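Asker: If it helps, the file is called entry-v6.tsv and holds TSV, C-alpha atoms:
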chain	number	residue	atom	x	y	z
A	91	MET	CA	14.72	10.21	-12.64
A	92	ILE	CA	16.07	7.36	-10.48
A	93	THR	CA	18.31	4.95	-12.39
A	94	GLU	CA	19.62	1.49	-11.64
A	95	THR	CA	23.31	1.04	-10.80
A	96	ALA	CA	25.73	-1.87	-10.84
A	97	TYR	CA	25.31	-3.09	-7.25
A	98	SER	CA	23.40	-6.30	-6.72
A	99	GLU	CA	23.36	-8.84	-3.94
A	100	ARG	CA	25.50	-11.97	-4.05
A	101	ARG	CA	25.63	-14.72	-1.43
A	102	THR	CA	28.66	-15.38	0.75
A	103	ASP	CA	27.41	-17.53	3.59
A	104	GLY	CA	30.91	-18.54	4.73
A	105	ALA	CA	31.59	-21.66	6.80
A	106	ALA	CA	29.73	-23.27	9.68
A	107	GLY	CA	30.50	-21.38	12.87
A	108	ILE	CA	30.07	-24.09	15.53
A	109	PRO	CA	33.29	-26.02	14.65
A	110	ILE	CA	35.23	-22.74	14.54
A	111	LEU	CA	33.82	-21.77	17.96
A	112	LEU	CA	34.78	-25.11	19.50
A	113	GLY	CA	38.24	-24.93	17.93
A	114	ALA	CA	38.74	-21.39	19.21
A	115	ILE	CA	37.78	-22.42	22.75
A	116	ALA	CA	40.16	-25.36	22.58
A	117	GLY	CA	42.90	-23.08	21.24
A	118	ILE	CA	42.42	-20.63	24.11
A	119	ILE	CA	42.64	-23.43	26.68
A	120	VAL	CA	45.72	-25.04	25.11
A	121	GLY	CA	47.40	-21.68	24.54
A	122	THR	CA	46.83	-20.68	28.15
A	123	VAL	CA	48.34	-23.96	29.36
A	124	LEU	CA	51.37	-23.46	27.12
A	125	LEU	CA	51.87	-19.95	28.50
A	126	ILE	CA	51.71	-21.24	32.05
A	127	MET	CA	54.53	-23.72	31.28
A	128	ALA	CA	56.82	-20.65	30.84
A	129	ASN	CA	59.07	-22.36	28.30
A	130	PRO	CA	60.20	-20.09	25.44
A	131	VAL	CA	58.96	-22.59	22.87
A	132	THR	CA	55.65	-23.23	24.62
A	133	VAL	CA	55.15	-19.50	25.19
A	134	ALA	CA	55.59	-18.80	21.48
A	135	LEU	CA	53.20	-21.61	20.59
A	136	GLY	CA	50.73	-20.44	23.22
A	137	ILE	CA	50.73	-16.86	21.89
A	138	LEU	CA	50.28	-18.16	18.33
A	139	LEU	CA	47.35	-20.34	19.38
A	140	LEU	CA	45.71	-17.46	21.25
A	141	ILE	CA	46.06	-15.18	18.21
A	142	VAL	CA	44.50	-17.81	15.95
A	143	ALA	CA	41.69	-18.41	18.47
A	144	VAL	CA	40.94	-14.68	18.75
A	145	LEU	CA	40.84	-14.34	14.96
A	146	GLY	CA	38.50	-17.32	14.82
A	147	LEU	CA	36.17	-15.74	17.36
A	148	ARG	CA	36.30	-12.41	15.54
A	149	GLY	CA	35.20	-14.08	12.32
A	150	LEU	CA	32.07	-15.57	13.90
A	151	THR	CA	28.79	-13.90	12.98
A	152	GLN	CA	25.29	-14.61	14.24
A	153	VAL	CA	22.51	-14.33	11.67
A	154	ALA	CA	18.98	-14.34	13.08
A	155	PRO	CA	15.89	-15.34	11.08
A	156	GLY	CA	14.63	-12.41	9.01
A	157	GLN	CA	18.08	-10.81	8.98
A	158	ALA	CA	21.07	-10.65	6.64
A	159	ARG	CA	24.64	-9.44	7.01
A	160	VAL	CA	26.32	-7.29	4.36
A	161	VAL	CA	30.03	-8.16	4.35
A	162	GLN	CA	32.74	-5.66	3.40
A	163	LEU	CA	36.50	-6.13	3.24
A	164	LEU	CA	38.46	-2.88	3.34
A	165	GLY	CA	35.41	-1.01	2.05
A	166	ARG	CA	34.76	-3.43	-0.82
A	167	TYR	CA	31.50	-5.36	-0.94
A	168	THR	CA	32.21	-9.10	-0.84
A	169	GLY	CA	28.72	-10.57	-0.37
A	170	SER	CA	25.74	-10.99	1.92
A	171	ILE	CA	25.13	-13.68	4.52
A	172	ARG	CA	21.52	-14.90	4.53
A	173	GLN	CA	21.89	-18.37	6.03
A	174	THR	CA	20.75	-18.24	9.63
A	175	GLY	CA	22.77	-19.47	12.59
A	176	LEU	CA	26.42	-19.04	13.55
A	177	ARG	CA	28.60	-18.47	10.47
A	178	PHE	CA	32.32	-17.87	10.00
A	179	VAL	CA	33.72	-15.37	7.50
A	180	ASN	CA	36.98	-13.49	7.03
A	181	PRO	CA	37.75	-12.01	10.48
A	182	PHE	CA	39.03	-8.77	8.92
A	183	THR	CA	35.67	-7.95	7.31
A	184	THR	CA	32.90	-5.74	8.63
A	185	ARG	CA	29.39	-7.21	8.74
A	186	ARG	CA	26.47	-4.79	8.70
A	187	PRO	CA	23.08	-6.22	9.78
A	188	VAL	CA	20.09	-5.58	7.51
A	189	SER	CA	16.57	-6.66	8.40
A	190	THR	CA	14.76	-8.57	5.65
A	191	ARG	CA	11.49	-8.79	7.57
A	192	ILE	CA	8.25	-7.38	6.16
A	193	ARG	CA	7.62	-3.86	7.46
A	194	ASN	CA	4.79	-1.33	7.49
A	195	HIS	CA	5.06	2.34	6.72
A	196	GLN	CA	2.16	4.69	7.47
A	197	THR	CA	2.37	7.94	5.54
A	198	GLU	CA	1.28	11.17	7.16
A	199	VAL	CA	-2.18	12.56	6.40
A	200	THR	CA	-1.39	15.01	3.61
A	201	LYS	CA	-3.53	17.75	2.12
A	202	VAL	CA	-3.32	17.75	-1.69
A	203	ASN	CA	-5.52	18.65	-4.65
A	204	ASP	CA	-7.20	15.95	-6.72
A	205	SER	CA	-7.37	16.13	-10.50
A	206	ASP	CA	-10.42	18.43	-10.25
A	207	GLY	CA	-8.53	20.85	-8.03
A	208	ASN	CA	-10.48	19.99	-4.88
A	209	PRO	CA	-8.40	19.89	-1.67
A	210	ILE	CA	-8.46	16.44	-0.09
A	211	GLU	CA	-6.72	14.66	2.77
A	212	ILE	CA	-5.02	11.37	1.93
A	213	ALA	CA	-2.72	8.81	3.58
A	214	ALA	CA	-1.60	5.28	2.80
A	215	VAL	CA	-0.10	2.17	4.38
A	216	VAL	CA	2.83	0.61	2.53
A	217	VAL	CA	3.94	-2.95	3.27
A	218	TRP	CA	7.52	-3.45	2.08
A	219	GLN	CA	10.56	-5.70	2.41
A	220	VAL	CA	14.26	-5.53	1.57
A	221	SER	CA	14.91	-7.95	-1.28
A	222	ASP	CA	18.44	-6.87	-2.27
A	223	THR	CA	20.65	-6.07	0.71
A	224	ALA	CA	23.51	-4.71	-1.42
A	225	LYS	CA	21.31	-2.06	-3.05
A	226	ALA	CA	19.68	-1.22	0.28
A	227	VAL	CA	23.07	-0.49	1.88
A	228	PHE	CA	25.07	1.03	-0.97
A	229	GLU	CA	22.56	2.68	-3.32
A	230	VAL	CA	20.90	5.05	-0.86
A	231	ASP	CA	21.99	6.80	2.31
A	232	SER	CA	19.14	5.37	4.42
A	233	PHE	CA	16.75	2.96	2.76
A	234	GLU	CA	14.09	3.39	5.50
A	235	TYR	CA	14.03	7.16	4.96
A	236	PHE	CA	14.14	6.64	1.20
A	237	VAL	CA	11.05	4.41	1.31
A	238	ALA	CA	9.21	6.94	3.46
A	239	ILE	CA	9.93	9.86	1.10
A	240	GLN	CA	9.12	7.92	-2.07
A	241	ALA	CA	5.86	6.62	-0.58
A	242	GLU	CA	4.79	10.18	0.27
A	243	THR	CA	5.67	11.32	-3.24
A	244	ALA	CA	3.75	8.48	-4.89
A	245	VAL	CA	0.65	9.11	-2.75
A	246	ARG	CA	0.69	12.79	-3.76
A	247	HIS	CA	1.06	11.89	-7.43
A	248	ILE	CA	-1.82	9.40	-7.33
A	249	ALA	CA	-4.02	11.96	-5.57
A	250	ASN	CA	-3.22	14.58	-8.22
A	251	SER	CA	-3.98	12.15	-11.06
A	252	TYR	CA	-7.55	11.14	-10.20
A	253	PRO	CA	-10.72	12.89	-8.97
A	254	TYR	CA	-12.11	12.17	-5.53
A	255	ASP	CA	-15.55	11.31	-6.97
A	256	ALA	CA	-16.31	9.86	-10.39
A	257	HIS	CA	-18.38	12.07	-12.70
A	258	GLU	CA	-19.14	9.15	-15.03
A	259	ASP	CA	-19.77	5.47	-14.41
A	260	THR	CA	-16.60	4.41	-16.25
A	261	GLN	CA	-14.32	7.03	-14.70
A	262	VAL	CA	-11.63	5.96	-12.22
A	263	SER	CA	-11.86	7.84	-8.92
A	264	LEU	CA	-10.08	7.70	-5.57
A	265	ARG	CA	-13.25	6.89	-3.63
A	266	ASP	CA	-15.02	4.45	-5.94
A	267	SER	CA	-12.16	2.59	-7.72
A	268	THR	CA	-10.42	1.17	-4.65
A	269	ASP	CA	-8.90	-1.90	-6.29
A	270	GLU	CA	-7.49	-0.04	-9.29
A	271	ILE	CA	-6.13	2.82	-7.17
A	272	THR	CA	-4.50	0.30	-4.80
A	273	ARG	CA	-2.85	-1.50	-7.72
A	274	LYS	CA	-1.58	1.71	-9.31
A	275	LEU	CA	-0.28	2.99	-5.97
A	276	ALA	CA	1.62	-0.25	-5.29
A	277	GLU	CA	3.09	-0.21	-8.80
A	278	GLU	CA	4.25	3.39	-8.55
A	279	ILE	CA	5.80	3.02	-5.10
A	280	GLY	CA	7.45	-0.25	-6.18
A	281	ALA	CA	9.03	1.44	-9.21
A	282	ARG	CA	10.28	4.33	-7.08
A	283	VAL	CA	11.91	2.20	-4.35
A	284	ALA	CA	13.30	-0.57	-6.62
A	285	PRO	CA	16.76	1.09	-6.92
A	286	ALA	CA	17.10	0.72	-3.14
A	287	GLY	CA	16.56	-3.04	-3.30
A	288	VAL	CA	13.08	-2.80	-1.77
A	289	THR	CA	10.00	-4.72	-2.86
A	290	VAL	CA	6.49	-3.41	-2.14
A	291	VAL	CA	4.23	-6.21	-0.89
A	292	GLU	CA	1.07	-4.09	-0.70
A	293	ALA	CA	0.01	-0.45	-0.67
A	294	ARG	CA	-3.44	0.72	0.34
A	295	LEU	CA	-5.12	4.04	1.12
A	296	SER	CA	-5.75	4.33	4.87
A	297	HIS	CA	-7.33	7.80	4.92
A	298	LEU	CA	-9.31	9.64	2.23
A	299	ALA	CA	-11.55	12.64	2.84
A	300	TYR	CA	-12.30	16.10	1.58
A	301	ALA	CA	-10.40	18.86	3.34
A	302	PRO	CA	-12.40	20.42	6.22
A	303	GLU	CA	-12.90	23.73	4.41
A	304	ILE	CA	-14.94	22.12	1.61
A	305	ALA	CA	-16.24	19.00	3.35
A	306	GLN	CA	-19.71	20.45	4.05
A	307	ALA	CA	-20.13	21.79	0.53
A	308	MET	CA	-19.09	18.47	-0.98
A	309	LEU	CA	-21.43	16.61	1.36
A	310	ARG	CA	-24.33	18.76	0.17
A	311	ARG	CA	-23.33	18.08	-3.43
A	312	GLN	CA	-23.23	14.33	-2.81
A	313	GLN	CA	-26.63	14.51	-1.13
A	314	ALA	CA	-28.04	16.51	-4.05
A	315	ASN	CA	-26.67	13.97	-6.53
A	316	ALA	CA	-28.26	11.17	-4.52
A	317	VAL	CA	-31.62	12.98	-4.47
A	318	VAL	CA	-31.48	13.61	-8.22
A	319	ALA	CA	-30.62	9.97	-8.89
A	320	ALA	CA	-33.47	8.81	-6.66
A	321	ARG	CA	-35.94	11.18	-8.32
A	322	GLN	CA	-34.84	10.00	-11.73
A	323	ARG	CA	-35.46	6.39	-10.73
A	324	ILE	CA	-38.89	7.31	-9.32
A	325	VAL	CA	-39.90	9.16	-12.50
A	326	GLU	CA	-38.76	6.25	-14.69
A	327	GLY	CA	-40.82	3.86	-12.59
A	328	ALA	CA	-43.86	6.16	-12.57
A	329	VAL	CA	-43.80	6.58	-16.36
A	330	GLY	CA	-43.62	2.82	-16.74
A	331	MET	CA	-46.60	2.33	-14.40
A	332	VAL	CA	-48.65	4.98	-16.23
A	333	ASP	CA	-47.88	3.41	-19.58
A	334	LEU	CA	-48.86	0.00	-18.21
A	335	ALA	CA	-52.14	1.39	-16.83
A	336	LEU	CA	-53.10	3.05	-20.12
A	337	THR	CA	-52.18	-0.08	-22.09
A	338	ARG	CA	-54.25	-2.33	-19.83
A	339	LEU	CA	-57.27	0.00	-19.98
A	340	SER	CA	-57.08	0.10	-23.77
A	341	GLU	CA	-56.52	-3.66	-24.22
A	342	GLN	CA	-59.33	-4.69	-21.89
A	343	SER	CA	-61.74	-1.95	-23.11
A	344	ILE	CA	-62.50	-0.95	-19.54
A	345	VAL	CA	-63.02	2.67	-20.44
A	346	ASP	CA	-62.74	4.70	-23.61
A	347	LEU	CA	-60.50	7.71	-23.05
A	348	ASP	CA	-59.89	10.51	-25.47
A	349	GLU	CA	-56.55	12.33	-25.58
A	350	GLU	CA	-57.60	15.01	-23.10
A	351	ARG	CA	-58.79	12.48	-20.53
A	352	LYS	CA	-55.61	10.47	-21.04
A	353	ALA	CA	-53.56	13.60	-20.37
A	354	ALA	CA	-55.52	14.29	-17.18
A	355	MET	CA	-55.11	10.70	-16.03
A	356	VAL	CA	-51.37	10.75	-16.75
A	357	SER	CA	-51.03	14.02	-14.82
A	358	ASN	CA	-52.90	12.67	-11.80
A	359	LEU	CA	-50.98	9.39	-11.75
A	360	LEU	CA	-47.62	11.12	-12.02
A	361	VAL	CA	-48.52	13.45	-9.16
A	362	VAL	CA	-49.52	10.51	-6.99
A	363	LEU	CA	-46.52	8.36	-7.86
A	364	CYS	CA	-43.82	11.05	-7.84
A	365	ALA	CA	-44.93	13.10	-4.83
A	366	ASP	CA	-42.58	13.03	-1.82
A	367	ARG	CA	-45.55	13.13	0.59
A	368	ASP	CA	-48.95	11.52	0.84
A	369	THR	CA	-51.47	12.90	-1.66
A	370	GLN	CA	-54.84	14.28	-0.56
A	371	PRO	CA	-57.89	12.84	-2.38
A	372	VAL	CA	-60.15	15.32	-4.16
A	373	VAL	CA	-63.77	14.44	-4.93
A	374	ASN	CA	-64.72	15.73	-8.37
A	375	THR	CA	-68.47	16.49	-8.48
A	376	GLY	CA	-68.43	17.58	-12.10
A	377	THR	CA	-66.84	16.30	-15.29
A	378	LEU	CA	-63.66	17.09	-17.08
A	379	TYR	CA	-65.55	19.42	-19.41
A	380	HIS	CA	-67.98	21.07	-16.94
Represent the structure contained in this file as structure tokens.
Answerer:
Amino acid sequence: MITETAYSERRTDGAAGIPILLGAIAGIIVGTVLLIMANPVTVALGILLLIVAVLGLRGLTQVAPGQARVVQLLGRYTGSIRQTGLRFVNPFTTRRPVSTRIRNHQTEVTKVNDSDGNPIEIAAVVVWQVSDTAKAVFEVDSFEYFVAIQAETAVRHIANSYPYDAHEDTQVSLRDSTDEITRKLAEEIGARVAPAGVTVVEARLSHLAYAPEIAQAMLRRQQANAVVAARQRIVEGAVGMVDLALTRLSEQSIVDLDEERKAAMVSNLLVVLCADRDTQPVVNTGTLYH
């Protein structure tokens, strides 16, 4: 179980860097001139100015848009620079760049079993972003690798928790309940990568299919289910039409049918309406009883 720790980001944007840069350039020029004068006093002042100018230049840090700098002094975290441009911080600190841009991660196509035990192939696209630079740097060894592993784990867990196809209309399935599966996947990945200071923007399945060894069998099953559903709809419609025909004949007194003739009529109508091919007319030269 991954637990939260004490690290959290705090801002330390430092001072504006342009004045420090201009002052350092001026210090280098003046210090060089003082050294050229070769007077013991001017030489000492020149060396001092050059040292100050070099320290000023060493404390300058460029921060590009979509990037932050994690600042450490003697191994201790002192803050993160998020303000873009040229900034000045303690020249004795180290400043590690961390991208805060939105990134995509495509998981590998993985073969797993769904909740019914059927082997399926599944993959997902995860859109993520570093929201806490301190956690991203200090909580995990490599937050990019951490996100990749946790995304793979979450995709496997989601695949194991739901069937590929729904057996009931209200059942959640990987294939039919896209919105709910997407939401649950994003929530699970977000919970897994939160200790690394990462926020999941979106997670969506990019590949979902039965494994090749059962794909044909499952296709035949889906086709059979479709045929059964179509036949059921046809029978329901045919029964309704037969009932309507008998009701109209009775209400309008077109013909008086006894139970046996009604049964024969129902049989003929159902054959005509439910047949999967054109029916052939038969001319009856006798009667139902002869």
Asker: Do you have the CA of Ala114 in chain A-CA of Val188 in chain A distance handy?
Answerer: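 We find that CA of Ala114 in chain A and CA of Val188 in chain A lie 27.1 Å from each other.
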Asker: Would you list the residues near (7.8, 8.8, -6.6) (no more than 10 Å away, in the coordinates of the file, using all atoms listed in the file) as a ChimeraX atom specification?
Answerer: /A:91-92,237,239-248,275,278-283
Asker: Keeping only C-alpha atoms, write those residues as a compact mmCIF listing (two decimals), keeping the file's coordinate frame.
Answerer:
# COMPACT_ATOMS: atom_id res chain seq x y z
CA MET A 91 14.72 10.21 -12.64
CA ILE A 92 16.07 7.36 -10.48
CA VAL A 237 11.05 4.41 1.31
CA ILE A 239 9.93 9.86 1.10
CA GLN A 240 9.12 7.92 -2.07
CA ALA A 241 5.86 6.62 -0.58
CA GLU A 242 4.79 10.18 0.27
CA THR A 243 5.67 11.32 -3.24
CA ALA A 244 3.75 8.48 -4.89
CA VAL A 245 0.65 9.11 -2.75
CA ARG A 246 0.69 12.79 -3.76
CA HIS A 247 1.06 11.89 -7.43
CA ILE A 248 -1.82 9.40 -7.33
CA LEU A 275 -0.28 2.99 -5.97
CA GLU A 278 4.25 3.39 -8.55
CA ILE A 279 5.80 3.02 -5.10
CA GLY A 280 7.45 -0.25 -6.18
CA ALA A 281 9.03 1.44 -9.21
CA ARG A 282 10.28 4.33 -7.08
CA VAL A 283 11.91 2.20 -4.35
Asker: So what do you get for CA of Glu277 in chain A versus CA of Arg101 in chain A, distance-wise?
Answerer: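 Interatomic distance here is 27.8 Å.
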Asker: Would you mind listing what lies within 6 Å of range 157-164 of chain A as a VMD selection string, with all atoms listed in the file counted and same-chain residues fewer than 5 positions away left out?
Answerer: chain A and resid 169 to 172 183 to 190
Asker: Using only C-alpha atoms, find all polymer residues with an atom at most 12 Å away from the point (42.3, -13.6, 17.7); report them as a PyMOL selection string.
Answerer: chain A and resi 110-111+114-115+117-118+121+137-150+180-182
Asker: Please measure the separation of CA of Asn203 in chain A and CA of Ala299 in chain A, giving the value in Å to one decimal.
Answerer: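 Computing the Euclidean distance for CA of Asn203 in chain A and CA of Ala299 in chain A yields 11.3 Å.
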Asker: With all atoms listed in the file as the basis for distance, which of A:Val262, A:Val356, A:Glu198, A:Tyr235 is at the shortest distance from Val329 in chain A?
Answerer: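 Using all atoms listed in the file, Val329 in chain A sits closest to A:Val356.
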Asker: My list of candidates is A:Tyr97, A:Asp103, A:Gln173, A:Arg294. Which is closest to Ile212 in chain A when distances are computed with all atoms listed in the file?
Answerer: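 Ranked by minimum distance to Ile212 in chain A, first place goes to A:Arg294.
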Asker: With distances taken over all atoms listed in the file, which of A:Asn129, A:Gln152, A:Asn194, A:Gln219 is nearest to Ile108 in chain A?
Answerer: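 So, comparing all the options, the nearest one is A:Gln152.
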